Amino acid sequence: MLNYIFAVFIGGSVLCSFFLGTAEQLTSGLLESAEVSVSLLLTIGGGLCFWCGFMEIMRECGATAIAAKIFSPVLKHLFPNIDVKSKAFENISLNVGANFLGLGNAATPFGLAAMKEIKRLDRCDDTASDNMIVFVVLNTASIQLLPTMIGTLRAKYGSQSPFDIIPCIWIASSIALIVGITAVKLLNKRGRKA
């Protein structure tokens, strides 16, 4: 249904441009936006390939165990019934670590692996467990120490100081994480009582 709405909207826009005599500007805008889209895709894709490869090297050389130890004091409280030495906990730690470095795209494979392991451990079929809900909120509203992807995009589009937004990112991501985790914990407690 949504596809039909978009098709009607785009078709209407094209017809309007012909009737208003702006077809040349429309064509120019379409070609320019296609070029910008491909350029942006290559920039993000290159960064994603680099950081995913870097995180895989970290996993292979055993640095993931160090990451798990660094994040385990906090993550143990958020996931009390997941073993610290489990594959789920390792993937959660890697996901948090990648998000911490602002590598949201590189964190995705670890997030998917963590969710698969949590689902297996919690033995849930079609309903999200408390651990799954906490992990989704933790992944979505994660604290970013260094917003790598945002800095890369800002540098690509001409920012003289692409990382000058770091204090704002720290404040916004910290507030989002605290509010999100608090809300999930409160709702989980309320749900257990009901």
# chains A, B, ... in the order shown; residues from 1 in each chain; ligands from 1
>>> closest_atom_pairs(of="segment 63-88 of chain A", to="segment 121-134 of chain A", cutoff="12 Å", atoms="only C-alpha atoms", output="CSV")
residue,atom,partner,partner_atom,distance
A:Leu75,CA,A:Val134,CA,10.4
A:Lys76,CA,A:Asn131,CA,11.5
A:His77,CA,A:Val134,CA,11.1
A:Leu78,CA,A:Val134,CA,7.3
A:Phe79,CA,A:Asn131,CA,6.4
A:Pro80,CA,A:Asn131,CA,9.0
A:Asn81,CA,A:Asn131,CA,8.6
A:Ile82,CA,A:Leu121,CA,8.0
A:Asp83,CA,A:Leu121,CA,9.9
A:Ser86,CA,A:Leu121,CA,9.8
A:Lys87,CA,A:Leu121,CA,10.2
A:Ala88,CA,A:Leu121,CA,8.4
>>> residues_around(residues="Met149 of chain A", least_positions_apart="6", cutoff="10 Å", atoms="only C-alpha atoms", output="mmCIF file with C-alpha atoms, in the first residue's frame")
data_model
loop_
_atom_site.group_PDB
_atom_site.id
_atom_site.type_symbol
_atom_site.label_atom_id
_atom_site.label_comp_id
_atom_site.auth_asym_id
_atom_site.auth_seq_id
_atom_site.Cartn_x
_atom_site.Cartn_y
_atom_site.Cartn_z
ATOM 1 C CA THR A 43 31.974 6.458 1.914
ATOM 2 C CA ILE A 44 29.823 4.585 4.419
ATOM 3 C CA GLY A 47 34.177 2.741 6.600
ATOM 4 C CA LEU A 48 31.905 -0.167 7.378
ATOM 5 C CA LEU A 101 33.305 3.913 19.348
ATOM 6 C CA GLY A 102 30.474 5.244 17.194
ATOM 7 C CA LEU A 103 30.601 2.272 14.835
ATOM 8 C CA GLY A 104 26.891 1.510 14.772
ATOM 9 C CA ASN A 105 27.112 -0.264 11.413
ATOM 10 C CA ALA A 155 34.502 15.565 7.186
#
>>> select_by_dssp(residues="segment 124-176 of chain A", states="alpha helix (DSSP H)", output="ChimeraX atom specification")
/A:130-140,148-156,166-176
>>> closest_residue(among="A:Phe110, A:Val14, A:Asn3, A:Glu32", to="Glu56 of chain A", atoms="only C-alpha atoms")
A:Phe110
>>> atom_distance(atom1="atom CA of Ile150 of chain A", atom2="atom CA of Leu41 of chain A")
13.8 Å
>>> atom_distance(atom1="atom CA of Leu112 of chain A", atom2="atom CA of Ser142 of chain A")
15.6 Å
>>> residues_around(residues="segment 96-100 of chain A", least_positions_apart="3", cutoff="12 Å", atoms="only C-alpha atoms", output="ChimeraX atom specification")
/A:48,51-52,54-56,58-59,63-72,74-75,89-93,103-111,114,135-149,169-170,173-174,177
